[in-house]
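S.K.: Contents are mmCIF, C-alpha atoms; file name query.cif:
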data_data
loop_
_atom_site.label_atom_id
_atom_site.label_comp_id
_atom_site.auth_asym_id
_atom_site.auth_seq_id
_atom_site.Cartn_x
_atom_site.Cartn_y
_atom_site.Cartn_z
CA MET G 64 31.52 -3.98 88.30
CA LYS G 65 33.08 -7.43 88.32
CA PRO G 66 31.29 -9.96 90.52
CA VAL G 67 34.49 -10.49 92.46
CA TYR G 68 34.19 -7.01 93.97
CA CYS G 69 30.73 -7.75 95.30
CA LEU G 70 32.17 -10.58 97.35
CA LEU G 71 35.57 -9.31 98.42
CA LEU G 72 34.36 -6.36 100.46
CA MET G 73 36.78 -5.07 101.59
CA VAL G 74 39.67 -4.38 103.84
CA ALA G 75 42.19 -1.74 104.71
CA PRO G 76 45.32 -1.95 102.52
CA LEU G 77 48.09 -4.17 103.82
CA ALA G 78 51.82 -3.99 103.43
CA MET G 79 53.02 -6.36 100.72
CA PRO G 80 54.32 -9.64 102.18
CA GLY G 81 57.96 -10.40 101.67
CA TYR G 82 57.49 -14.19 101.56
CA ALA G 83 60.73 -14.93 103.42
CA GLN G 84 60.56 -18.14 105.43
CA ASP G 85 60.79 -16.78 108.98
CA PRO G 86 60.73 -19.57 110.01
CA LEU G 87 58.03 -20.58 107.50
CA SER G 88 55.81 -18.45 105.31
CA PRO G 89 52.10 -18.63 106.19
CA PHE G 90 51.33 -18.31 102.48
CA LEU G 91 50.72 -21.29 100.22
CA PHE G 92 52.58 -19.71 97.29
CA GLU G 93 55.86 -17.82 97.30
CA ASP G 94 54.31 -15.00 95.28
CA TYR G 95 50.93 -13.73 94.10
CA ASN G 96 49.75 -15.77 91.12
CA ASP G 97 47.26 -15.16 88.33
CA ALA G 98 44.09 -17.08 89.16
CA VAL G 99 40.88 -17.66 87.27
CA VAL G 100 38.07 -17.32 89.81
CA HIS G 101 34.92 -19.27 88.92
CA PHE G 102 31.70 -18.03 90.50
CA HIS G 103 28.42 -19.85 91.03
CA GLY G 104 26.35 -18.83 88.03
CA GLY G 105 29.15 -19.19 85.50
CA GLN G 106 30.95 -15.83 85.75
CA THR G 107 34.73 -15.74 85.89
CA SER G 108 37.30 -13.15 86.87
CA THR G 109 41.09 -13.10 86.64
CA GLU G 110 42.85 -11.93 89.82
CA LYS G 111 46.29 -12.09 91.42
CA VAL G 112 45.90 -14.12 94.61
CA ASN G 113 47.67 -15.95 97.41
CA TYR G 114 46.31 -18.05 100.27
CA ASN G 115 47.17 -17.55 103.93
CA LEU G 116 47.22 -20.95 105.65
CA VAL G 117 47.11 -19.55 109.19
CA GLU G 118 44.10 -17.32 108.61
CA SER G 119 42.42 -19.61 106.03
CA ALA G 120 42.11 -16.41 104.04
CA LEU G 121 42.36 -15.64 100.35
CA TYR G 122 44.47 -12.54 99.69
CA PHE G 123 44.32 -10.68 96.38
CA ILE G 124 45.79 -7.60 94.74
CA ASP G 125 43.02 -5.12 94.00
CA GLN G 126 43.29 -4.19 90.32
CA ARG G 127 41.88 -0.74 91.05
CA ASP G 128 44.51 0.49 93.48
CA GLY G 129 47.23 -2.20 93.56
CA GLN G 130 46.71 -2.81 97.29
CA VAL G 131 46.68 -6.23 98.97
CA LYS G 132 43.26 -7.08 100.41
CA VAL G 133 41.42 -10.07 101.86
CA VAL G 134 38.36 -11.83 100.51
CA ALA G 135 35.55 -11.29 102.99
CA ASN G 136 33.13 -13.96 101.80
CA TYR G 137 33.60 -17.22 99.86
CA ARG G 138 29.94 -18.06 99.34
CA GLY G 139 29.76 -16.97 95.73
CA ILE G 140 33.03 -18.62 94.69
CA ASP G 141 32.85 -22.06 93.11
CA SER G 142 36.55 -22.71 92.48
CA LEU G 143 39.88 -21.15 91.58
CA VAL G 144 42.52 -22.28 89.11
CA ILE G 145 45.95 -21.09 90.27
CA ALA G 146 49.11 -22.05 88.36
CA GLY G 147 47.24 -24.95 86.78
CA ARG G 148 46.01 -26.22 90.17
CA THR G 149 42.29 -26.31 91.05
CA PHE G 150 41.17 -25.19 94.51
CA LEU G 151 37.87 -25.13 96.33
CA LEU G 152 37.19 -22.94 99.37
CA ASP G 153 35.02 -24.84 101.83
CA GLY G 154 34.59 -21.94 104.24
CA GLU G 155 37.32 -23.22 106.55
CA ASN G 156 40.24 -24.29 104.37
CA ALA G 157 41.55 -24.39 100.85
CA LEU G 158 41.05 -27.78 99.22
CA GLU G 159 43.25 -28.64 96.26
CA LYS G 160 41.71 -31.18 93.91
CA VAL G 161 44.37 -33.79 93.13
CA SER G 162 42.27 -36.59 91.62
CA ASP G 163 39.02 -36.92 89.67
CA ASP G 164 38.58 -40.68 90.00
CA PRO G 165 38.00 -40.98 92.86
CA THR G 166 37.61 -37.31 93.78
CA ILE G 167 40.36 -36.50 96.26
CA TYR G 168 41.41 -33.19 97.77
CA ILE G 169 44.35 -32.06 99.86
CA ARG G 170 43.40 -29.83 102.77
CA PHE G 171 46.17 -27.44 103.84
CA ASN G 172 46.89 -26.64 107.48
CA ALA G 173 49.44 -24.65 109.45
CA SER G 174 50.54 -24.69 113.08
CA SER G 175 51.37 -21.24 114.39
CA THR G 176 51.81 -19.06 117.43
CA GLN G 177 51.27 -15.35 117.85
CA LYS G 178 54.38 -13.44 116.91
CA PRO G 179 55.85 -11.34 119.75
CA PRO G 180 56.39 -7.64 119.13
CA PRO G 181 59.77 -6.57 117.71
CA VAL G 182 62.46 -6.00 120.35
CA ALA G 183 65.25 -4.52 118.27
CA TYR G 184 65.97 -2.68 115.06
CA GLY G 185 65.38 -4.92 112.06
CA GLY G 186 63.22 -7.33 114.03
CA THR G 187 59.91 -6.52 112.40
CA SER G 188 57.88 -9.09 110.52
CA LYS G 189 58.86 -9.91 106.95
CA LEU G 190 55.24 -10.72 106.18
CA ALA G 191 53.79 -7.31 106.97
CA SER G 192 55.19 -4.34 108.83
CA VAL G 193 51.81 -3.31 110.23
CA ASP G 194 48.97 -5.06 111.99
CA VAL G 195 46.13 -6.16 109.76
CA TYR G 196 42.79 -4.42 110.19
CA SER G 197 39.95 -5.67 108.06
CA THR G 198 36.29 -4.85 107.64
CA ALA G 199 33.98 -7.54 106.27
CA PHE G 200 30.63 -6.27 105.01
CA PHE G 201 27.69 -8.64 104.61
CA GLN G 202 24.05 -7.60 104.22
CA GLY G 203 24.94 -4.07 105.25
CA LEU G 204 26.61 -5.09 108.50
CA GLY G 205 30.28 -4.44 109.15
CA SER G 206 32.58 -5.97 111.75
CA ASP G 207 36.17 -4.94 112.40
CA ARG G 208 38.81 -7.40 113.51
CA LYS G 209 42.50 -7.12 114.27
CA THR G 210 44.59 -10.06 113.08
CA PRO G 211 47.86 -10.53 115.00
CA GLU G 212 50.94 -11.60 113.10
CA GLN G 213 51.74 -15.30 113.37
CA GLU G 214 54.89 -17.40 113.38
CA VAL G 215 54.42 -20.63 111.46
CA SER G 216 56.11 -23.69 112.94
CA GLU G 217 54.70 -26.37 110.64
CA ILE G 218 52.82 -26.64 107.35
CA TYR G 219 51.09 -29.93 106.63
CA HIS G 220 48.10 -31.41 104.82
CA ASP G 221 45.53 -34.11 105.15
CA TYR G 222 43.09 -35.60 102.65
CA VAL G 223 39.41 -35.43 101.78
CA ILE G 224 37.77 -38.07 99.60
CA GLU G 225 34.27 -37.99 98.11
CA LEU G 226 32.31 -41.20 98.61
CA GLY G 227 28.60 -41.58 97.99
CA GLY G 228 28.16 -37.84 97.65
CA LYS G 229 29.82 -37.16 101.00
CA ARG G 230 33.29 -35.86 101.83
CA LYS G 231 35.31 -37.83 104.33
CA LYS G 232 38.55 -36.55 105.85
CA PHE G 233 41.49 -38.68 106.89
CA SER G 234 44.66 -37.47 108.54
CA ASN G 235 46.47 -40.81 108.92
CA PHE G 236 46.30 -44.41 107.75
CA LYS G 237 44.24 -45.46 110.77
CA GLN G 238 41.48 -43.03 109.80
CA PHE G 239 41.71 -44.16 106.18
CA HIS G 240 41.21 -47.79 107.20
CA ARG G 241 38.08 -46.80 109.10
CA ILE G 242 36.57 -45.45 105.89
CA TYR G 243 37.07 -48.85 104.25
CA ARG G 244 36.39 -51.06 107.27
CA ASP G 245 35.46 -54.08 105.16
CA HIS G 246 38.87 -54.11 103.47
CA LYS G 247 41.11 -53.07 106.36
CA LYS G 248 43.46 -56.06 106.20
CA ALA G 249 43.93 -55.83 102.43
CA LEU G 250 44.67 -52.11 102.68
CA GLU G 251 47.11 -52.56 105.56
CA LYS G 252 48.94 -55.15 103.46
CA TYR G 253 49.01 -52.77 100.46
CA VAL G 254 50.45 -49.95 102.59
CA THR G 255 53.14 -52.23 104.01
CA GLU G 256 54.12 -53.79 100.69
CA HIS G 257 54.36 -50.42 98.94
CA GLU G 258 56.07 -48.75 101.93
CA LEU G 259 53.66 -45.85 101.63
CA ASP G 260 54.36 -42.52 103.28
CA PHE G 261 51.28 -40.53 104.26
CA ASN G 262 52.79 -37.41 102.68
CA ASP G 263 53.24 -39.18 99.33
CA VAL G 264 50.27 -37.70 97.48
CA LYS G 265 50.63 -39.93 94.41
CA GLY G 266 50.92 -42.97 96.66
CA ILE G 267 47.77 -42.01 98.57
CA ILE G 268 45.85 -41.51 95.32
CA ALA G 269 46.95 -44.98 94.19
CA LEU G 270 45.88 -46.38 97.57
CA CYS G 271 42.42 -44.79 97.21
CA ARG G 272 42.04 -46.24 93.72
CA TYR G 273 43.04 -49.65 94.99
CA ALA G 274 40.49 -49.37 97.82
CA ALA G 275 37.78 -48.43 95.31
CA SER G 276 38.59 -51.55 93.27
CA LEU G 277 38.07 -53.97 96.16
#
For this file, produce the structure as C-alpha cells.
M.R.:
Amino acid sequence: MKPVYCLLLMVAPLAMPGYAQDPLSPFLFEDYNDAVVHFHGGQTSTEKVNYNLVESALYFIDQRDGQVKVVANYRGIDSLVIAGRTFLLDGENALEKVSDDPTIYIRFNASSTQKPPPVAYGGTSKLASVDVYSTAFFQGLGSDRKTPEQEVSEIYHDYVIELGGKRKKFSNFKQFHRIYRDHKKALEKYVTEHELDFNDVKGIIALCRYAASL
C-alpha cells in the first residue's frame, strides 16, 4: 500500500468540482494536476491533486476508485511539487516556495461566506452538487464533519520569510519594515523609488534580497 493512503484516510466520495468562477473558485488550480508528493522518510507518490483555499484542504483523486477525496492528515507530508511549483503544508495553509535565497513563501488565503441553499432550478453549486461529508481517522478515532459550501469573494496572499531558522509572516509593507527595524528608512526609500506593489511577487523577492544585503 502506498504511504499516501495511510495518511489520506479517508472521506466519502464527492461530486467532481466544475471549477467555474462563481464568483470565484475556492480551488488554487483550475483543474486537478499531477503532483509528486514527498513524505518524511524519503518516499514519494504521484497523485492528482488540487487545493481548496477556503477549507485549507488538499483534495485528490483516489487512483483506486476515481473518486475525489480529502487528505485527512498532513503530518507525514514533507512537500508537493505541482506543475513545477513547490508547496509545503504547514497544517493551516499551503505555502508556495518562491525563493531559495532568502527562503520566501507565499501563503494563500480566501475570504468566503456560506453559500445559501439553491432557490430555483439551475441554482445549485458548480463546485459540488452535494454537501461534503468527511471522516478523518487518526489513531483509531473517527470524527465526522459536514462542510457547507462556500462563496468566495476574494483570493489573496501574504508572505512568509525564513530568518534565523524562524518563519516570519508579513501581510503589508508596515509589517515587513518591522522585521527589519534597523533598516526601515532605507527600505521605505527602496519601496518608494521602485514603486513596489505588495502583490508583485518578483518585486517583493527583490526587496527581501535588498534587505538581506543591508
S.K.: Can you list, as a PyMOL selection string, every protein, DNA or RNA residue that comes within 10 Å of Leu143 in chain G when you count all atoms listed in the file, leaving out same-chain residues fewer than 6 positions away?
M.R.: chain G and resi 98-102+107-110+112+149-152+157+159
S.K.: G:Leu87, G:His103, G:Pro165, G:Gly147: which is nearest Gly228 in chain G, counting only C-alpha atoms?
M.R.: G:Pro165
S.K.: If the PyMOL selection byres ((chain G and resi 271-273) around 9) were run on this exact file, what residues would it hold? Put them as a list in words.
M.R.: Asp164, Pro165, Ile167, Ile224, Leu250, Tyr253, Gly266, Ile267, Ile268, Ala269, Leu270, Ala274, Ala275, Ser276 and Leu277 of chain G
S.K.: Given the file above and the PyMOL selection byres ((chain G and resi 90) around 9), which residues are selected, and can you give them as a list of chain:residue names?
M.R.: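 Evaluating the PyMOL selection byres ((chain G and resi 90) around 9) on this file yields G:Tyr82, G:Leu87, G:Ser88, G:Pro89, G:Leu91, G:Phe92, G:Glu93, G:Asp94, G:Asn113, G:Tyr114, G:Asn115, G:Leu116, G:Val117.
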S.K.: Find the residues near Ser234 in chain G: any atom within 9 Å, counting all atoms listed in the file, skip ones fewer than 3 places away on the same chain, and give them as a list in words.
M.R.: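 So, after excluding close chain neighbours, the residues are His220, Asp221, Tyr222, Val223, Lys237, Gln238, Phe239 and Phe261 of chain G.
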S.K.: Just to be explicit: take each residue in the selection above, keep C-alpha atoms, and write the result as a PDB file, in the coordinates of the input.
M.R.:
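As written to disk, again22.pdb reads:
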ATOM      1  CA  HIS G 220      48.100 -31.410 104.820  1.00  0.00           C
ATOM      2  CA  ASP G 221      45.530 -34.110 105.150  1.00  0.00           C
ATOM      3  CA  TYR G 222      43.090 -35.600 102.650  1.00  0.00           C
ATOM      4  CA  VAL G 223      39.410 -35.430 101.780  1.00  0.00           C
ATOM      5  CA  LYS G 237      44.240 -45.460 110.770  1.00  0.00           C
ATOM      6  CA  GLN G 238      41.480 -43.030 109.800  1.00  0.00           C
ATOM      7  CA  PHE G 239      41.710 -44.160 106.180  1.00  0.00           C
ATOM      8  CA  PHE G 261      51.280 -40.530 104.260  1.00  0.00           C
TER       9      PHE G 261
END
S.K.: Since the input is missing atoms, can you rebuild all heavy atoms for range 241-252 of chain G and write them as an mmCIF file, in the frame of the given file?
M.R.:
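Output below, filename selection_32.cif:
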data_model
loop_
_atom_site.group_PDB
_atom_site.id
_atom_site.type_symbol
_atom_site.label_atom_id
_atom_site.label_comp_id
_atom_site.auth_asym_id
_atom_site.auth_seq_id
_atom_site.Cartn_x
_atom_site.Cartn_y
_atom_site.Cartn_z
ATOM 1 N N ARG G 241 39.436 -46.863 108.567
ATOM 2 C CA ARG G 241 38.080 -46.800 109.100
ATOM 3 C C ARG G 241 37.059 -46.507 108.008
ATOM 4 O O ARG G 241 35.899 -46.928 108.099
ATOM 5 C CB ARG G 241 37.989 -45.744 110.203
ATOM 6 C CG ARG G 241 38.688 -46.132 111.495
ATOM 7 C CD ARG G 241 38.671 -44.982 112.479
ATOM 8 N NE ARG G 241 39.373 -45.332 113.718
ATOM 9 C CZ ARG G 241 39.683 -44.449 114.664
ATOM 10 N NH1 ARG G 241 39.340 -43.165 114.515
ATOM 11 N NH2 ARG G 241 40.323 -44.840 115.752
ATOM 12 N N ILE G 242 37.480 -45.759 107.002
ATOM 13 C CA ILE G 242 36.570 -45.450 105.890
ATOM 14 C C ILE G 242 36.238 -46.713 105.109
ATOM 15 O O ILE G 242 35.117 -46.919 104.643
ATOM 16 C CB ILE G 242 37.191 -44.378 104.972
ATOM 17 C CG1 ILE G 242 37.362 -43.059 105.745
ATOM 18 C CG2 ILE G 242 36.325 -44.152 103.730
ATOM 19 C CD1 ILE G 242 38.099 -41.986 104.962
ATOM 20 N N TYR G 243 37.232 -47.594 104.992
ATOM 21 C CA TYR G 243 37.070 -48.850 104.250
ATOM 22 C C TYR G 243 37.194 -50.030 105.227
ATOM 23 O O TYR G 243 38.078 -50.885 105.105
ATOM 24 C CB TYR G 243 38.127 -48.956 103.157
ATOM 25 C CG TYR G 243 37.998 -47.912 102.067
ATOM 26 C CD1 TYR G 243 38.724 -46.727 102.128
ATOM 27 C CD2 TYR G 243 37.164 -48.129 100.972
ATOM 28 C CE1 TYR G 243 38.618 -45.782 101.127
ATOM 29 C CE2 TYR G 243 37.051 -47.179 99.966
ATOM 30 C CZ TYR G 243 37.780 -46.005 100.049
ATOM 31 O OH TYR G 243 37.671 -45.062 99.052
ATOM 32 N N ARG G 244 36.314 -50.060 106.197
ATOM 33 C CA ARG G 244 36.390 -51.060 107.270
ATOM 34 C C ARG G 244 36.387 -52.489 106.735
ATOM 35 O O ARG G 244 37.057 -53.368 107.281
ATOM 36 C CB ARG G 244 35.208 -50.874 108.222
ATOM 37 C CG ARG G 244 35.236 -49.580 109.020
ATOM 38 C CD ARG G 244 34.003 -49.475 109.899
ATOM 39 N NE ARG G 244 33.946 -48.195 110.593
ATOM 40 C CZ ARG G 244 34.510 -47.953 111.768
ATOM 41 N NH1 ARG G 244 35.180 -48.911 112.378
ATOM 42 N NH2 ARG G 244 34.396 -46.759 112.327
ATOM 43 N N ASP G 245 35.605 -52.717 105.670
ATOM 44 C CA ASP G 245 35.460 -54.080 105.160
ATOM 45 C C ASP G 245 36.728 -54.600 104.480
ATOM 46 O O ASP G 245 36.853 -55.806 104.223
ATOM 47 C CB ASP G 245 34.290 -54.156 104.167
ATOM 48 C CG ASP G 245 32.947 -53.887 104.832
ATOM 49 O OD1 ASP G 245 32.865 -54.029 106.071
ATOM 50 O OD2 ASP G 245 31.985 -53.528 104.117
ATOM 51 N N HIS G 246 37.650 -53.705 104.178
ATOM 52 C CA HIS G 246 38.870 -54.110 103.470
ATOM 53 C C HIS G 246 40.130 -53.702 104.237
ATOM 54 O O HIS G 246 41.193 -53.522 103.645
ATOM 55 C CB HIS G 246 38.888 -53.477 102.070
ATOM 56 C CG HIS G 246 37.661 -53.767 101.253
ATOM 57 N ND1 HIS G 246 37.368 -55.023 100.769
ATOM 58 C CD2 HIS G 246 36.650 -52.967 100.857
ATOM 59 C CE1 HIS G 246 36.225 -54.986 100.095
ATOM 60 N NE2 HIS G 246 35.774 -53.751 100.135
ATOM 61 N N LYS G 247 40.000 -53.581 105.544
ATOM 62 C CA LYS G 247 41.110 -53.070 106.360
ATOM 63 C C LYS G 247 42.374 -53.906 106.191
ATOM 64 O O LYS G 247 43.460 -53.358 105.984
ATOM 65 C CB LYS G 247 40.688 -53.035 107.829
ATOM 66 C CG LYS G 247 41.785 -52.530 108.756
ATOM 67 C CD LYS G 247 41.319 -52.511 110.210
ATOM 68 C CE LYS G 247 42.442 -52.051 111.128
ATOM 69 N NZ LYS G 247 42.011 -52.048 112.554
ATOM 70 N N LYS G 248 42.271 -55.215 106.266
ATOM 71 C CA LYS G 248 43.460 -56.060 106.200
ATOM 72 C C LYS G 248 44.147 -55.953 104.842
ATOM 73 O O LYS G 248 45.387 -55.893 104.759
ATOM 74 C CB LYS G 248 43.084 -57.516 106.490
ATOM 75 C CG LYS G 248 42.706 -57.750 107.946
ATOM 76 C CD LYS G 248 42.444 -59.230 108.206
ATOM 77 C CE LYS G 248 42.128 -59.473 109.676
ATOM 78 N NZ LYS G 248 41.874 -60.919 109.965
ATOM 79 N N ALA G 249 43.353 -55.947 103.767
ATOM 80 C CA ALA G 249 43.930 -55.830 102.430
ATOM 81 C C ALA G 249 44.640 -54.494 102.253
ATOM 82 O O ALA G 249 45.719 -54.414 101.643
ATOM 83 C CB ALA G 249 42.835 -55.990 101.373
ATOM 84 N N LEU G 250 44.073 -53.438 102.812
ATOM 85 C CA LEU G 250 44.670 -52.110 102.680
ATOM 86 C C LEU G 250 45.927 -51.993 103.538
ATOM 87 O O LEU G 250 46.905 -51.355 103.129
ATOM 88 C CB LEU G 250 43.642 -51.037 103.062
ATOM 89 C CG LEU G 250 42.436 -50.946 102.118
ATOM 90 C CD1 LEU G 250 41.388 -49.989 102.676
ATOM 91 C CD2 LEU G 250 42.871 -50.496 100.720
ATOM 92 N N GLU G 251 45.906 -52.571 104.723
ATOM 93 C CA GLU G 251 47.110 -52.560 105.560
ATOM 94 C C GLU G 251 48.244 -53.295 104.856
ATOM 95 O O GLU G 251 49.405 -52.854 104.900
ATOM 96 C CB GLU G 251 46.807 -53.218 106.910
ATOM 97 C CG GLU G 251 45.944 -52.362 107.823
ATOM 98 C CD GLU G 251 45.616 -53.067 109.125
ATOM 99 O OE1 GLU G 251 45.710 -54.319 109.162
ATOM 100 O OE2 GLU G 251 45.269 -52.376 110.098
ATOM 101 N N LYS G 252 47.932 -54.400 104.210
ATOM 102 C CA LYS G 252 48.940 -55.150 103.460
ATOM 103 C C LYS G 252 49.485 -54.330 102.304
ATOM 104 O O LYS G 252 50.697 -54.297 102.059
ATOM 105 C CB LYS G 252 48.327 -56.451 102.935
ATOM 106 C CG LYS G 252 49.304 -57.319 102.163
ATOM 107 C CD LYS G 252 48.630 -58.603 101.682
ATOM 108 C CE LYS G 252 49.607 -59.456 100.880
ATOM 109 N NZ LYS G 252 48.960 -60.702 100.372
#
